[in-house]
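Peer 1: My file is query25.cif. It has mmCIF, C-alpha atoms, pLDDT in the B column; chains and numbers go by the auth columns:
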```
data_upload
#
loop_
_atom_site.group_PDB
_atom_site.id
_atom_site.type_symbol
_atom_site.label_atom_id
_atom_site.label_comp_id
_atom_site.label_asym_id
_atom_site.label_seq_id
_atom_site.Cartn_x
_atom_site.Cartn_y
_atom_site.Cartn_z
_atom_site.B_iso_or_equiv
_atom_site.auth_seq_id
_atom_site.auth_asym_id
ATOM 1 C CA MET A 1 -77.745 -113.468 60.498 53.00 1 A
ATOM 2 C CA SER A 2 -74.740 -114.288 58.348 54.00 2 A
ATOM 3 C CA ASN A 3 -74.113 -110.571 57.677 59.00 3 A
ATOM 4 C CA ILE A 4 -74.156 -109.852 61.403 60.00 4 A
ATOM 5 C CA ASN A 5 -71.846 -112.801 62.023 59.00 5 A
ATOM 6 C CA ASP A 6 -69.413 -111.595 59.310 61.00 6 A
ATOM 7 C CA LEU A 7 -69.320 -108.138 60.888 56.00 7 A
ATOM 8 C CA LEU A 8 -68.621 -109.596 64.320 58.00 8 A
ATOM 9 C CA ILE A 9 -65.791 -111.769 63.054 59.00 9 A
ATOM 10 C CA LYS A 10 -64.156 -108.938 61.096 58.00 10 A
ATOM 11 C CA LYS A 11 -64.497 -106.242 63.754 63.00 11 A
ATOM 12 C CA LYS A 12 -64.607 -108.387 66.904 67.00 12 A
ATOM 13 C CA ARG A 13 -67.719 -106.619 68.173 74.00 13 A
ATOM 14 C CA LEU A 14 -70.028 -107.550 70.992 81.00 14 A
ATOM 15 C CA ILE A 15 -73.787 -107.819 70.692 85.00 15 A
ATOM 16 C CA TYR A 16 -75.798 -106.409 73.583 88.00 16 A
ATOM 17 C CA LEU A 17 -79.025 -108.384 73.523 88.00 17 A
ATOM 18 C CA CYS A 18 -82.166 -106.857 75.046 86.00 18 A
ATOM 19 C CA THR A 19 -84.930 -109.386 75.463 83.00 19 A
ATOM 20 C CA ASP A 20 -87.206 -110.792 78.125 79.00 20 A
ATOM 21 C CA ASP A 21 -87.305 -114.140 76.312 83.00 21 A
ATOM 22 C CA ASN A 22 -84.868 -116.649 77.837 85.00 22 A
ATOM 23 C CA LYS A 23 -85.250 -118.952 74.832 90.00 23 A
ATOM 24 C CA GLU A 24 -84.057 -116.127 72.568 87.00 24 A
ATOM 25 C CA VAL A 25 -81.013 -115.573 74.790 89.00 25 A
ATOM 26 C CA GLN A 26 -80.088 -119.248 74.485 91.00 26 A
ATOM 27 C CA ARG A 27 -80.662 -119.256 70.712 90.00 27 A
ATOM 28 C CA MET A 28 -78.489 -116.181 70.204 88.00 28 A
ATOM 29 C CA LYS A 29 -75.757 -117.639 72.420 89.00 29 A
ATOM 30 C CA GLN A 30 -75.732 -120.760 70.244 91.00 30 A
ATOM 31 C CA VAL A 31 -75.326 -118.658 67.099 85.00 31 A
ATOM 32 C CA PHE A 32 -72.955 -115.930 68.324 84.00 32 A
ATOM 33 C CA GLY A 33 -71.286 -117.542 71.332 85.00 33 A
ATOM 34 C CA LYS A 34 -69.226 -115.223 73.512 85.00 34 A
ATOM 35 C CA SER A 35 -70.078 -112.213 71.340 84.00 35 A
ATOM 36 C CA ILE A 36 -73.434 -112.019 73.143 87.00 36 A
ATOM 37 C CA CYS A 37 -73.796 -110.064 76.348 87.00 37 A
ATOM 38 C CA TYR A 38 -77.076 -109.247 78.078 86.00 38 A
ATOM 39 C CA PHE A 39 -78.607 -108.102 81.321 81.00 39 A
ATOM 40 C CA PRO A 40 -80.998 -110.751 82.665 78.00 40 A
ATOM 41 C CA VAL A 41 -84.294 -108.947 83.134 72.00 41 A
ATOM 42 C CA ALA A 42 -87.268 -109.989 85.220 67.00 42 A
ATOM 43 C CA LEU A 43 -90.245 -111.293 83.320 66.00 43 A
ATOM 44 C CA GLN A 44 -92.910 -109.667 85.524 74.00 44 A
ATOM 45 C CA ARG A 45 -93.346 -106.267 83.895 73.00 45 A
ATOM 46 C CA ASN A 46 -95.781 -105.020 86.536 82.00 46 A
ATOM 47 C CA LYS A 47 -93.262 -105.175 89.420 84.00 47 A
ATOM 48 C CA PRO A 48 -91.163 -102.108 90.357 88.00 48 A
ATOM 49 C CA LYS A 49 -87.898 -104.114 90.377 85.00 49 A
ATOM 50 C CA ALA A 50 -88.621 -105.465 86.879 83.00 50 A
ATOM 51 C CA ILE A 51 -89.340 -101.943 85.621 85.00 51 A
ATOM 52 C CA GLN A 52 -86.038 -100.741 87.074 87.00 52 A
ATOM 53 C CA MET A 53 -84.211 -103.624 85.386 86.00 53 A
ATOM 54 C CA ALA A 54 -85.856 -102.817 82.050 87.00 54 A
ATOM 55 C CA LEU A 55 -84.798 -99.172 82.400 90.00 55 A
ATOM 56 C CA LEU A 56 -81.209 -100.262 83.063 89.00 56 A
ATOM 57 C CA ASP A 57 -81.404 -102.469 79.963 90.00 57 A
ATOM 58 C CA LEU A 58 -82.743 -99.572 77.867 92.00 58 A
ATOM 59 C CA LEU A 59 -80.055 -97.144 79.094 94.00 59 A
ATOM 60 C CA THR A 60 -77.322 -99.677 78.370 91.00 60 A
ATOM 61 C CA LEU A 61 -78.711 -100.260 74.873 91.00 61 A
ATOM 62 C CA SER A 62 -78.774 -96.509 74.261 93.00 62 A
ATOM 63 C CA ARG A 63 -74.948 -96.507 74.527 93.00 63 A
ATOM 64 C CA ALA A 64 -74.499 -98.931 71.595 89.00 64 A
ATOM 65 C CA ASN A 65 -72.829 -97.972 68.316 86.00 65 A
ATOM 66 C CA VAL A 66 -75.896 -99.072 66.370 85.00 66 A
ATOM 67 C CA ILE A 67 -79.206 -100.672 67.358 87.00 67 A
ATOM 68 C CA LEU A 68 -80.834 -103.453 65.396 85.00 68 A
ATOM 69 C CA GLY A 69 -84.463 -103.629 66.470 85.00 69 A
ATOM 70 C CA SER A 70 -87.680 -105.159 65.280 82.00 70 A
ATOM 71 C CA TYR A 71 -90.036 -102.858 63.408 78.00 71 A
ATOM 72 C CA TRP A 72 -92.606 -103.030 66.238 80.00 72 A
ATOM 73 C CA SER A 73 -90.143 -102.312 69.069 83.00 73 A
ATOM 74 C CA SER A 74 -90.767 -99.048 70.872 90.00 74 A
ATOM 75 C CA PHE A 75 -88.003 -100.158 73.270 90.00 75 A
ATOM 76 C CA SER A 76 -85.431 -99.945 70.455 91.00 76 A
ATOM 77 C CA GLU A 77 -86.846 -96.632 69.267 93.00 77 A
ATOM 78 C CA VAL A 78 -86.623 -95.032 72.706 95.00 78 A
ATOM 79 C CA ALA A 79 -83.059 -96.308 73.244 94.00 79 A
ATOM 80 C CA SER A 80 -82.058 -94.996 69.811 94.00 80 A
ATOM 81 C CA TYR A 81 -83.628 -91.599 70.420 95.00 81 A
ATOM 82 C CA TYR A 82 -82.242 -91.258 73.945 95.00 82 A
ATOM 83 C CA GLY A 83 -78.701 -92.207 72.937 95.00 83 A
ATOM 84 C CA GLY A 84 -78.684 -90.563 69.508 95.00 84 A
ATOM 85 C CA VAL A 85 -77.857 -93.972 68.030 92.00 85 A
ATOM 86 C CA GLU A 86 -78.669 -95.176 64.529 89.00 86 A
ATOM 87 C CA LEU A 87 -81.600 -97.624 64.531 89.00 87 A
ATOM 88 C CA LEU A 88 -81.777 -100.342 61.900 84.00 88 A
ATOM 89 C CA LYS A 89 -85.100 -102.136 61.816 82.00 89 A
ATOM 90 C CA ALA A 90 -85.050 -105.863 61.079 77.00 90 A
ATOM 91 C CA GLY A 91 -87.511 -107.092 58.499 67.00 91 A
ATOM 92 C CA ILE A 92 -87.858 -103.732 56.714 57.00 92 A
ATOM 93 C CA GLN A 93 -86.901 -103.707 53.056 52.00 93 A
ATOM 94 C CA ASP A 94 -85.690 -100.494 51.396 49.00 94 A
#
```
Here is a file; write its structure as structure tokens.
Peer 2:
Amino acid sequence: MSNINDLLIKKKRLIYLCTDDNKEVQRMKQVFGKSICYFPVALQRNKPKAIQMALLDLLTLSRANVILGSYWSSFSEVASYYGGVELLKAGIQD
């Protein structure tokens, strides 16, 4: 995370965090402070309102400059494809 933190400090960028894990939101806020922004999504994925919220989250992510996603995240892949945004996958070594 130090490389991400260095980039944020130098370029004063925001991180749009997409997650349905409230603990992860809190952890990222502790590390990156006010650089983190997110849309609070519902945790019940089988409810129409939660699906709408997830779609809003995905569309917002698709407008990012770059997406850093986990290697198993189809959510990141779809947002990257839809927005034509570069996708960097965490945990993958070149």
Peer 1: Between CA of Lys89 (chain A) and CA of Gly69 (chain A), what is the distance in Å, rounded to a tenth?
Peer 2: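 Going from CA of Lys89 (chain A) over to CA of Gly69 (chain A) covers 4.9 Å.
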Peer 1: For the structure provided, state which residues fall under the PyMOL selection byres ((chain A and resi 16) around 8), and present them as a ChimeraX atom specification.
Peer 2: /A:14-15,17-18,36-38,61,64
Peer 1: Selected residues, C-alpha atoms, written as a PDB file, in the frame of the given file, please.
Peer 2:
```
ATOM      1  CA  LEU A  14     -70.028-107.550  70.992  1.00 81.00           C
ATOM      2  CA  ILE A  15     -73.787-107.819  70.692  1.00 85.00           C
ATOM      3  CA  LEU A  17     -79.025-108.384  73.523  1.00 88.00           C
ATOM      4  CA  CYS A  18     -82.166-106.857  75.046  1.00 86.00           C
ATOM      5  CA  ILE A  36     -73.434-112.019  73.143  1.00 87.00           C
ATOM      6  CA  CYS A  37     -73.796-110.064  76.348  1.00 87.00           C
ATOM      7  CA  TYR A  38     -77.076-109.247  78.078  1.00 86.00           C
ATOM      8  CA  LEU A  61     -78.711-100.260  74.873  1.00 91.00           C
ATOM      9  CA  ALA A  64     -74.499 -98.931  71.595  1.00 89.00           C
TER      10      ALA A  64
END
```
Peer 1: So, with only C-alpha atoms as the atoms that count, which of A:Phe32, A:Thr19, A:Lys47, A:Phe39 lies closest to Ser76 (chain A)?
Peer 2: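 Counting only C-alpha atoms, the residue closest to Ser76 (chain A) is A:Thr19.
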Peer 1: Box time for region 45-51 of chain A: axis-aligned, enclosing all its listed atoms, 3 Å extra on each side; report centre and edge lengths in Å to one decimal, as JSON.
Peer 2:
```
{"center_x": -91.8, "center_y": -104.1, "center_z": 87.1, "size_x": 13.9, "size_y": 10.3, "size_z": 12.5}
```
Peer 1: With all atoms listed in the file as the atoms that count, which of A:Lys49, A:Lys23, A:Val85, A:Leu58 lies nearest to Ser73 (chain A)?
Peer 2: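 The shortest atom-to-atom distance to Ser73 (chain A) comes from A:Leu58.
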Peer 1: Between CA of Arg63 (chain A) and CA of Tyr81 (chain A), what distance in Å does the model show, to one decimal?
Peer 2: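 CA of Tyr81 (chain A) lies at a distance of 10.8 Å from CA of Arg63 (chain A).
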Peer 1: What residues have an atom no more than 10 Å from (-75.4, -89.6, 79.1) in the file's own frame, counting only C-alpha atoms, and can you write them as a PyMOL selection string?
Peer 2: chain A and resi 59+62-63+82-83
Peer 1: Could you tell me how far CA of Ala54 (chain A) lies from CA of Asp20 (chain A), in Å and to one decimal?
Peer 2: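 CA of Asp20 (chain A) lies at a distance of 9.0 Å from CA of Ala54 (chain A).
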